[in-house]
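S.K.: Structure file protein_22.pdb, PDB, C-alpha atoms, is pasted below:
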ATOM      1  CA  ALA T  45    -130.948  65.314  52.069
ATOM      2  CA  GLN T  46    -129.060  66.026  48.906
ATOM      3  CA  SER T  47    -130.717  66.689  45.595
ATOM      4  CA  VAL T  48    -129.063  67.315  42.260
ATOM      5  CA  THR T  49    -130.717  68.981  39.289
ATOM      6  CA  GLN T  50    -129.359  68.894  35.782
ATOM      7  CA  LEU T  51    -130.989  71.387  33.460
ATOM      8  CA  GLY T  52    -131.585  69.953  30.022
ATOM      9  CA  SER T  53    -131.902  66.252  29.424
ATOM     10  CA  HIS T  54    -130.422  66.697  25.956
ATOM     11  CA  VAL T  55    -127.896  69.255  24.724
ATOM     12  CA  SER T  56    -126.636  69.563  21.153
ATOM     13  CA  VAL T  57    -123.543  71.521  20.169
ATOM     14  CA  SER T  58    -121.536  71.863  16.989
ATOM     15  CA  GLU T  59    -118.073  70.403  16.829
ATOM     16  CA  GLY T  60    -115.635  73.041  18.069
ATOM     17  CA  ALA T  61    -118.285  74.943  20.021
ATOM     18  CA  LEU T  62    -118.405  75.536  23.759
ATOM     19  CA  VAL T  63    -119.930  72.789  25.868
ATOM     20  CA  LEU T  64    -121.913  73.896  28.921
ATOM     21  CA  LEU T  65    -123.786  71.334  31.015
ATOM     22  CA  ARG T  66    -125.624  72.691  34.014
ATOM     23  CA  CYS T  67    -125.840  71.221  37.497
ATOM     24  CA  ASN T  68    -127.362  72.661  40.651
ATOM     25  CA  TYR T  69    -127.324  71.037  44.036
ATOM     26  CA  SER T  70    -129.439  71.459  47.104
ATOM     27  CA  SER T  71    -127.672  71.140  50.394
ATOM     28  CA  SER T  72    -127.406  72.899  53.732
ATOM     29  CA  VAL T  73    -123.669  72.314  53.749
ATOM     30  CA  PRO T  74    -121.205  72.403  50.872
ATOM     31  CA  PRO T  75    -121.149  68.924  49.427
ATOM     32  CA  TYR T  76    -118.607  66.952  47.523
ATOM     33  CA  LEU T  77    -119.492  67.167  43.832
ATOM     34  CA  PHE T  78    -118.645  65.006  40.867
ATOM     35  CA  TRP T  79    -119.165  64.773  37.145
ATOM     36  CA  TYR T  80    -119.273  61.363  35.532
ATOM     37  CA  VAL T  81    -119.511  60.468  31.848
ATOM     38  CA  GLN T  82    -121.198  57.371  30.461
ATOM     39  CA  TYR T  83    -120.595  56.144  26.942
ATOM     40  CA  PRO T  84    -123.138  53.761  25.396
ATOM     41  CA  ASN T  85    -123.226  50.369  27.071
ATOM     42  CA  GLN T  86    -120.476  51.294  29.474
ATOM     43  CA  GLY T  87    -120.222  52.175  33.146
ATOM     44  CA  LEU T  88    -119.617  55.599  34.611
ATOM     45  CA  GLN T  89    -116.214  57.234  34.284
ATOM     46  CA  LEU T  90    -115.158  59.975  36.689
ATOM     47  CA  LEU T  91    -114.450  63.241  34.868
ATOM     48  CA  LEU T  92    -113.675  65.470  37.837
ATOM     49  CA  LYS T  93    -114.470  66.096  41.480
ATOM     50  CA  TYR T  94    -114.811  69.018  43.879
ATOM     51  CA  THR T  95    -113.881  68.382  47.501
ATOM     52  CA  SER T  96    -113.626  71.916  48.970
ATOM     53  CA  ALA T  97    -110.178  72.779  47.705
ATOM     54  CA  ALA T  98    -109.963  74.916  44.563
ATOM     55  CA  THR T  99    -113.333  76.073  43.259
ATOM     56  CA  LEU T 100    -112.246  75.621  39.639
ATOM     57  CA  VAL T 101    -111.665  71.968  39.020
ATOM     58  CA  LYS T 102    -109.950  70.570  35.963
ATOM     59  CA  GLY T 103    -110.728  67.088  34.806
ATOM     60  CA  ILE T 104    -109.911  64.704  32.046
ATOM     61  CA  ASN T 105    -110.492  65.244  28.328
ATOM     62  CA  GLY T 106    -110.321  69.034  28.641
ATOM     63  CA  PHE T 107    -113.372  69.392  30.877
ATOM     64  CA  GLU T 108    -113.552  71.666  33.876
ATOM     65  CA  ALA T 109    -116.181  72.739  36.375
ATOM     66  CA  GLU T 110    -116.541  75.667  38.737
ATOM     67  CA  PHE T 111    -118.089  75.400  42.176
ATOM     68  CA  LYS T 112    -120.192  78.493  42.931
ATOM     69  CA  LYS T 113    -121.585  78.381  46.443
ATOM     70  CA  SER T 114    -123.694  81.516  45.976
ATOM     71  CA  GLU T 115    -125.461  79.906  43.031
ATOM     72  CA  THR T 116    -125.319  76.307  44.394
ATOM     73  CA  SER T 117    -123.994  75.340  40.983
ATOM     74  CA  PHE T 118    -121.311  73.107  39.558
ATOM     75  CA  HIS T 119    -121.588  73.529  35.792
ATOM     76  CA  LEU T 120    -119.365  71.508  33.465
ATOM     77  CA  THR T 121    -117.634  73.211  30.547
ATOM     78  CA  LYS T 122    -115.289  72.455  27.713
ATOM     79  CA  PRO T 123    -114.071  75.186  25.353
ATOM     80  CA  SER T 124    -114.260  73.139  22.163
ATOM     81  CA  ALA T 125    -116.465  70.104  21.645
ATOM     82  CA  HIS T 126    -115.112  67.020  19.937
ATOM     83  CA  MET T 127    -117.135  64.257  18.339
ATOM     84  CA  SER T 128    -115.806  61.846  20.951
ATOM     85  CA  ASP T 129    -117.489  63.918  23.691
ATOM     86  CA  ALA T 130    -120.896  62.610  22.653
ATOM     87  CA  ALA T 131    -122.129  60.711  25.706
ATOM     88  CA  GLU T 132    -124.359  61.081  28.740
ATOM     89  CA  TYR T 133    -123.096  63.183  31.607
ATOM     90  CA  PHE T 134    -124.131  62.847  35.234
ATOM     91  CA  CYS T 135    -123.623  65.282  38.058
ATOM     92  CA  ALA T 136    -123.514  63.731  41.530
ATOM     93  CA  ALA T 137    -123.175  64.891  45.106
ATOM     94  CA  THR T 138    -122.433  63.478  48.505
ATOM     95  CA  GLY T 139    -122.195  65.195  51.852
ATOM     96  CA  ALA T 140    -119.205  65.334  54.155
ATOM     97  CA  GLY T 141    -119.149  62.169  56.211
ATOM     98  CA  SER T 142    -121.519  60.530  53.778
ATOM     99  CA  TYR T 143    -120.840  58.139  50.962
ATOM    100  CA  GLN T 144    -124.073  57.650  49.101
ATOM    101  CA  LEU T 145    -123.945  59.452  45.770
ATOM    102  CA  THR T 146    -127.065  61.332  44.731
ATOM    103  CA  PHE T 147    -127.187  61.659  40.966
ATOM    104  CA  GLY T 148    -128.889  64.088  38.659
ATOM    105  CA  LYS T 149    -131.054  62.691  35.871
ATOM    106  CA  GLY T 150    -128.258  63.048  33.340
ATOM    107  CA  THR T 151    -127.701  65.170  30.235
ATOM    108  CA  LYS T 152    -127.152  63.534  26.887
ATOM    109  CA  LEU T 153    -124.652  65.503  24.824
ATOM    110  CA  SER T 154    -124.782  65.300  21.041
ATOM    111  CA  VAL T 155    -122.006  66.795  18.934
ATOM    112  CA  ILE T 156    -122.938  67.849  15.421
ATOM    113  CA  PRO T 157    -120.203  67.692  12.779
TER     114      PRO T 157
ATOM    115  CA  GLY U 239    -104.444  48.262  37.409
ATOM    116  CA  ALA U 240    -107.658  46.339  36.895
ATOM    117  CA  GLY U 241    -110.895  48.206  37.357
ATOM    118  CA  VAL U 242    -114.199  47.089  38.774
ATOM    119  CA  SER U 243    -115.538  44.074  36.933
ATOM    120  CA  GLN U 244    -119.084  42.774  36.829
ATOM    121  CA  SER U 245    -120.629  39.587  35.536
ATOM    122  CA  PRO U 246    -122.608  38.709  33.615
ATOM    123  CA  SER U 247    -122.686  41.714  31.300
ATOM    124  CA  ASN U 248    -126.194  40.808  30.185
ATOM    125  CA  LYS U 249    -128.810  38.640  31.816
ATOM    126  CA  VAL U 250    -132.214  37.711  30.482
ATOM    127  CA  THR U 251    -134.490  35.892  32.884
ATOM    128  CA  GLU U 252    -138.104  34.920  33.144
ATOM    129  CA  LYS U 253    -140.410  36.611  35.591
ATOM    130  CA  GLY U 254    -140.362  34.799  38.916
ATOM    131  CA  LYS U 255    -136.840  33.415  38.609
ATOM    132  CA  ASP U 256    -133.970  34.328  40.930
ATOM    133  CA  VAL U 257    -130.813  36.015  39.598
ATOM    134  CA  GLU U 258    -127.355  36.658  41.002
ATOM    135  CA  LEU U 259    -125.151  39.506  39.850
ATOM    136  CA  ARG U 260    -121.470  39.576  40.712
ATOM    137  CA  CYS U 261    -119.058  42.427  41.357
ATOM    138  CA  ASP U 262    -115.280  42.304  41.742
ATOM    139  CA  PRO U 263    -114.054  45.608  43.192
ATOM    140  CA  ILE U 264    -110.691  47.229  42.675
ATOM    141  CA  SER U 265    -108.094  45.473  44.813
ATOM    142  CA  GLY U 266    -107.589  47.277  48.100
ATOM    143  CA  HIS U 267    -110.839  49.217  47.996
ATOM    144  CA  THR U 268    -112.660  48.805  51.271
ATOM    145  CA  ALA U 269    -115.989  50.256  50.187
ATOM    146  CA  LEU U 270    -118.372  48.711  47.673
ATOM    147  CA  TYR U 271    -121.648  50.097  46.355
ATOM    148  CA  TRP U 272    -124.514  48.868  44.218
ATOM    149  CA  TYR U 273    -126.647  51.233  42.137
ATOM    150  CA  ARG U 274    -129.503  50.648  39.735
ATOM    151  CA  GLN U 275    -129.942  52.614  36.530
ATOM    152  CA  SER U 276    -133.334  52.559  34.885
ATOM    153  CA  LEU U 277    -135.084  54.774  32.360
ATOM    154  CA  GLY U 278    -137.765  55.911  34.714
ATOM    155  CA  GLN U 279    -135.782  56.351  37.902
ATOM    156  CA  GLY U 280    -132.290  57.328  36.784
ATOM    157  CA  LEU U 281    -129.427  56.213  39.019
ATOM    158  CA  GLU U 282    -130.479  54.939  42.429
ATOM    159  CA  PHE U 283    -128.373  53.861  45.358
ATOM    160  CA  LEU U 284    -129.105  50.323  46.538
ATOM    161  CA  ILE U 285    -126.601  49.170  49.151
ATOM    162  CA  TYR U 286    -123.193  50.037  50.612
ATOM    163  CA  PHE U 287    -120.520  47.877  52.222
ATOM    164  CA  GLN U 288    -117.589  49.286  54.192
ATOM    165  CA  GLY U 289    -115.003  46.891  55.533
ATOM    166  CA  ASN U 290    -116.472  44.582  58.148
ATOM    167  CA  SER U 291    -119.231  46.985  59.176
ATOM    168  CA  ALA U 292    -122.892  46.139  58.774
ATOM    169  CA  PRO U 293    -124.008  47.166  55.273
ATOM    170  CA  ASP U 294    -126.289  50.109  54.634
ATOM    171  CA  LYS U 295    -129.277  48.492  52.944
ATOM    172  CA  SER U 296    -131.455  51.590  52.978
ATOM    173  CA  GLY U 297    -131.731  51.791  49.191
ATOM    174  CA  LEU U 298    -132.930  48.252  48.529
ATOM    175  CA  PRO U 299    -136.405  48.580  46.963
ATOM    176  CA  SER U 300    -137.934  45.439  48.456
ATOM    177  CA  ASP U 301    -137.106  42.362  50.497
ATOM    178  CA  ARG U 302    -136.649  40.456  47.243
ATOM    179  CA  PHE U 303    -133.288  42.204  46.956
ATOM    180  CA  SER U 304    -130.294  41.173  49.026
ATOM    181  CA  ALA U 305    -126.534  41.431  48.769
ATOM    182  CA  GLU U 306    -123.513  40.015  50.454
ATOM    183  CA  ARG U 307    -119.820  40.673  50.352
ATOM    184  CA  THR U 308    -117.530  37.781  51.077
ATOM    185  CA  GLY U 309    -114.066  38.256  52.534
ATOM    186  CA  GLY U 310    -114.316  42.007  52.123
ATOM    187  CA  SER U 311    -113.943  41.682  48.375
ATOM    188  CA  VAL U 312    -116.372  40.120  45.899
ATOM    189  CA  SER U 313    -120.042  41.022  46.226
ATOM    190  CA  THR U 314    -123.176  39.316  44.956
ATOM    191  CA  LEU U 315    -126.502  41.060  44.480
ATOM    192  CA  THR U 316    -129.406  38.621  44.497
ATOM    193  CA  ILE U 317    -132.894  39.368  43.248
ATOM    194  CA  GLN U 318    -135.507  36.774  44.121
ATOM    195  CA  ARG U 319    -138.726  36.216  42.231
ATOM    196  CA  THR U 320    -137.809  38.780  39.594
ATOM    197  CA  GLN U 321    -140.450  41.168  38.285
ATOM    198  CA  GLN U 322    -140.508  43.122  35.045
ATOM    199  CA  GLU U 323    -139.896  46.354  36.935
ATOM    200  CA  ASP U 324    -136.539  44.922  38.031
ATOM    201  CA  SER U 325    -135.285  45.293  34.445
ATOM    202  CA  ALA U 326    -132.438  47.800  34.614
ATOM    203  CA  VAL U 327    -128.685  48.138  34.517
ATOM    204  CA  TYR U 328    -127.110  47.254  37.848
ATOM    205  CA  LEU U 329    -123.879  49.116  38.491
ATOM    206  CA  CYS U 330    -121.266  48.302  41.077
ATOM    207  CA  ALA U 331    -118.676  50.785  42.340
ATOM    208  CA  SER U 332    -115.798  50.669  44.778
ATOM    209  CA  SER U 333    -113.700  53.239  46.571
ATOM    210  CA  SER U 334    -110.944  53.638  49.101
ATOM    211  CA  ILE U 335    -110.836  57.074  50.717
ATOM    212  CA  GLY U 336    -111.648  60.426  49.181
ATOM    213  CA  TYR U 337    -115.174  59.649  48.039
ATOM    214  CA  GLU U 338    -114.148  58.790  44.487
ATOM    215  CA  GLN U 339    -116.267  55.891  43.421
ATOM    216  CA  TYR U 340    -115.062  53.864  40.467
ATOM    217  CA  PHE U 341    -117.757  52.097  38.519
ATOM    218  CA  GLY U 342    -117.879  48.805  36.714
ATOM    219  CA  PRO U 343    -119.458  48.340  33.276
ATOM    220  CA  GLY U 344    -122.742  47.138  34.726
ATOM    221  CA  THR U 345    -125.023  44.158  34.266
ATOM    222  CA  ARG U 346    -128.035  44.709  32.046
ATOM    223  CA  LEU U 347    -130.924  42.699  33.464
ATOM    224  CA  THR U 348    -133.980  42.006  31.346
ATOM    225  CA  VAL U 349    -136.961  40.272  32.922
ATOM    226  CA  THR U 350    -139.373  38.810  30.370
TER     227      THR U 350
END
Just give me the structure as structure tokens.
M.R.:
Amino acid sequence: AQSVTQLGSHVSVSEGALVLLRCNYSSSVPPYLFWYVQYPNQGLQLLLKYTSAATLVKGINGFEAEFKKSETSFHLTKPSAHMSDAAEYFCAATGAGSYQLTFGKGTKLSVIP
Amino acid sequence: GAGVSQSPSNKVTEKGKDVELRCDPISGHTALYWYRQSLGQGLEFLIYFQGNSAPDKSGLPSDRFSAERTGGSVSTLTIQRTQQEDSAVYLCASSSIGYEQYFGPGTRLTVT
């Protein structure tokens, strides 16, 4: 069974600073991995996905994530935080041939002016 | 094109009442999913529909929960005899192929 761990329930960064949100997965086979963002009182919006092609995945709004099999990680980064990035971010995984998304607990990102 | 829509956006109900939550998936998407988001449990899978196949109900927390999908499109999640622990945001998602699930805005259910 899949499990997804997000380190840090709350991360604060200064505007213009690097954003790093951590995600580790537990799986016997390389999964499909996703990052979603949720703004207050809204649903989940897909930021990016990894489906066994390129290990460095670029998403929307300047975010990217790198799949590292040796570390079972899929950390999300953005070089320069913007105030509009303040939201909750969820890492999710599903296995090949599966469909059910397993989510991490989420990381709330605050951006300090 | 239009995204996934859900109604109502907010629902307040009394303990013991039944509620119905509706989801309209993206046109052409064959798969539809329901998830529940609560403070204590995070995001939990509830049920999955794919085409005309029997749904995967493995995530439904009790027999008070049921869902149907009519005509391969609109879905209704029904909670009977609501309890306070049912208070949560219920999210619907749909997908075609490629595992990308697109989520609706959710229905916030409050049981008083």
S.K.: When the PyMOL selection byres ((chain T) within 6 of (chain U)) is applied to the file above, which residues end up in the set, as a count of residues only?
M.R.: 4
S.K.: Between atom CA of Gln275 of chain U and atom CA of Gln318 of chain U, what is the spacing in Å?
M.R.: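 Between atom CA of Gln318 of chain U and atom CA of Gln275 of chain U the gap works out to 18.4 Å.
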S.K.: With distances taken over all atoms listed in the file, which residue among U:Thr348, U:Ser325, U:Ser334, U:Thr268 lies nearest Asn290 of chain U?
M.R.: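 Ranked by minimum distance to Asn290 of chain U, first place goes to U:Thr268.
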S.K.: Hey, can you check how far atom CA of Val155 of chain T sits from atom CA of Arg66 of chain T?
M.R.: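 Interatomic distance here is 16.6 Å.
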S.K.: In Å, rounded to a single decimal, give me how far atom CA of Leu77 of chain T is from atom CA of Ser114 of chain T.
M.R.: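 Between these atoms lies a distance of 15.1 Å.
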S.K.: Nearest residue to Val349 of chain U out of U:Lys295, U:Arg319, U:His267, U:Lys253, using only C-alpha atoms?
M.R.: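 Smallest distance to Val349 of chain U is found for U:Lys253.
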S.K.: Just say which residues the PyMOL selection byres ((chain U and resi 322) around 12) picks in this file, as a PDB file with C-alpha atoms, keeping the file's coordinate frame.
M.R.:
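Result went into selection_24.pdb, see below:
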ATOM      1  CA  VAL U 250    -132.214  37.711  30.482  1.00  0.00           C
ATOM      2  CA  THR U 251    -134.490  35.892  32.884  1.00  0.00           C
ATOM      3  CA  GLU U 252    -138.104  34.920  33.144  1.00  0.00           C
ATOM      4  CA  LYS U 253    -140.410  36.611  35.591  1.00  0.00           C
ATOM      5  CA  GLY U 254    -140.362  34.799  38.916  1.00  0.00           C
ATOM      6  CA  LYS U 255    -136.840  33.415  38.609  1.00  0.00           C
ATOM      7  CA  SER U 276    -133.334  52.559  34.885  1.00  0.00           C
ATOM      8  CA  ILE U 317    -132.894  39.368  43.248  1.00  0.00           C
ATOM      9  CA  ARG U 319    -138.726  36.216  42.231  1.00  0.00           C
ATOM     10  CA  THR U 320    -137.809  38.780  39.594  1.00  0.00           C
ATOM     11  CA  GLN U 321    -140.450  41.168  38.285  1.00  0.00           C
ATOM     12  CA  GLU U 323    -139.896  46.354  36.935  1.00  0.00           C
ATOM     13  CA  ASP U 324    -136.539  44.922  38.031  1.00  0.00           C
ATOM     14  CA  SER U 325    -135.285  45.293  34.445  1.00  0.00           C
ATOM     15  CA  ALA U 326    -132.438  47.800  34.614  1.00  0.00           C
ATOM     16  CA  LEU U 347    -130.924  42.699  33.464  1.00  0.00           C
ATOM     17  CA  THR U 348    -133.980  42.006  31.346  1.00  0.00           C
ATOM     18  CA  VAL U 349    -136.961  40.272  32.922  1.00  0.00           C
ATOM     19  CA  THR U 350    -139.373  38.810  30.370  1.00  0.00           C
TER      20      THR U 350
END
S.K.: Evaluate the PyMOL selection byres ((chain T and resi 157) around 10) here and jot the selected residues down as a list in words.
M.R.: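 This file, filtered by the PyMOL selection byres ((chain T and resi 157) around 10), leaves Val57, Ser58, Glu59, Gly60, Ala125, His126, Met127, Ser154, Val155 and Ile156 of chain T.
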S.K.: Determine, counting all atoms listed in the file, which protein, DNA and RNA residues have an atom within 12 Å of an atom of Gly103 of chain T; residues of the same chain fewer than 4 positions away are not included. Present the result as a ChimeraX atom specification.
M.R.: /T:78-81,89-94,107-110,120-122
S.K.: Taking into account only C-alpha atoms, which residue in the set T:Phe118, T:Phe111, T:Tyr69, T:Tyr133 is nearest to Thr146 of chain T?
M.R.: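 Of T:Phe118, T:Phe111, T:Tyr69, T:Tyr133, the one nearest Thr146 of chain T is T:Tyr69, counting only C-alpha atoms.
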S.K.: Within 9 Å of Val48 of chain T, counting only C-alpha atoms, which residues qualify if same-chain residues fewer than 4 places away don't, as a PyMOL selection string?
M.R.: chain T and resi 67-70+135-137+146-149
S.K.: Can I get the selected residues back with C-alpha atoms, as a PDB file, in the coordinates of the input?
M.R.:
ATOM      1  CA  CYS T  67    -125.840  71.221  37.497  1.00  0.00           C
ATOM      2  CA  ASN T  68    -127.362  72.661  40.651  1.00  0.00           C
ATOM      3  CA  TYR T  69    -127.324  71.037  44.036  1.00  0.00           C
ATOM      4  CA  SER T  70    -129.439  71.459  47.104  1.00  0.00           C
ATOM      5  CA  CYS T 135    -123.623  65.282  38.058  1.00  0.00           C
ATOM      6  CA  ALA T 136    -123.514  63.731  41.530  1.00  0.00           C
ATOM      7  CA  ALA T 137    -123.175  64.891  45.106  1.00  0.00           C
ATOM      8  CA  THR T 146    -127.065  61.332  44.731  1.00  0.00           C
ATOM      9  CA  PHE T 147    -127.187  61.659  40.966  1.00  0.00           C
ATOM     10  CA  GLY T 148    -128.889  64.088  38.659  1.00  0.00           C
ATOM     11  CA  LYS T 149    -131.054  62.691  35.871  1.00  0.00           C
TER      12      LYS T 149
END
S.K.: So that I can check the surroundings of Thr308 of chain U, please list as a PyMOL selection string every protein, DNA and RNA residue that reaches within 12 Å of it, counting all atoms listed in the file and ignoring chain neighbours fewer than 3 positions away.
M.R.: chain U and resi 260-263+270+287-290+305+311-315
S.K.: With distances taken over only C-alpha atoms, which of U:Pro293, U:Asn248, U:Ser304, U:Gly241 is nearest to Thr316 of chain U?
M.R.: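 Nearest candidate to Thr316 of chain U out of U:Pro293, U:Asn248, U:Ser304, U:Gly241: U:Ser304.
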S.K.: Complete segment 131-146 of chain T at the level of N, CA and C atoms, written as a CSV table (one decimal), keeping the file's coordinate frame.
M.R.:
chain,number,residue,atom,x,y,z
T,131,ALA,N,-121.9,61.7,24.6
T,131,ALA,CA,-122.1,60.7,25.7
T,131,ALA,C,-123.2,61.3,26.6
T,132,GLU,N,-123.5,60.6,27.7
T,132,GLU,CA,-124.4,61.1,28.7
T,132,GLU,C,-123.5,61.5,29.9
T,133,TYR,N,-123.9,62.6,30.5
T,133,TYR,CA,-123.1,63.2,31.6
T,133,TYR,C,-124.0,63.3,32.9
T,134,PHE,N,-123.4,62.9,34.0
T,134,PHE,CA,-124.1,62.8,35.2
T,134,PHE,C,-123.4,63.7,36.3
T,135,CYS,N,-124.1,64.5,36.9
T,135,CYS,CA,-123.6,65.3,38.1
T,135,CYS,C,-124.1,64.5,39.3
T,136,ALA,N,-123.2,64.5,40.3
T,136,ALA,CA,-123.5,63.7,41.5
T,136,ALA,C,-123.0,64.5,42.7
T,137,ALA,N,-123.6,64.2,43.9
T,137,ALA,CA,-123.2,64.9,45.1
T,137,ALA,C,-123.2,63.9,46.3
T,138,THR,N,-122.4,64.2,47.2
T,138,THR,CA,-122.4,63.5,48.5
T,138,THR,C,-122.0,64.4,49.6
T,139,GLY,N,-122.5,64.3,50.8
T,139,GLY,CA,-122.2,65.2,51.9
T,139,GLY,C,-121.0,64.8,52.6
T,140,ALA,N,-120.4,65.7,53.3
T,140,ALA,CA,-119.2,65.3,54.2
T,140,ALA,C,-119.6,64.3,55.2
T,141,GLY,N,-118.8,63.2,55.3
T,141,GLY,CA,-119.1,62.2,56.2
T,141,GLY,C,-120.1,61.2,55.6
T,142,SER,N,-120.6,61.5,54.4
T,142,SER,CA,-121.5,60.5,53.8
T,142,SER,C,-120.8,59.8,52.7
T,143,TYR,N,-121.5,58.9,52.0
T,143,TYR,CA,-120.8,58.1,51.0
T,143,TYR,C,-121.8,57.9,49.8
T,144,GLN,N,-123.1,58.0,50.1
T,144,GLN,CA,-124.1,57.6,49.1
T,144,GLN,C,-124.1,58.8,48.1
T,145,LEU,N,-123.9,58.5,46.8
T,145,LEU,CA,-123.9,59.5,45.8
T,145,LEU,C,-125.4,59.7,45.4
T,146,THR,N,-125.8,61.0,45.3
T,146,THR,CA,-127.1,61.3,44.7
T,146,THR,C,-126.8,61.9,43.3
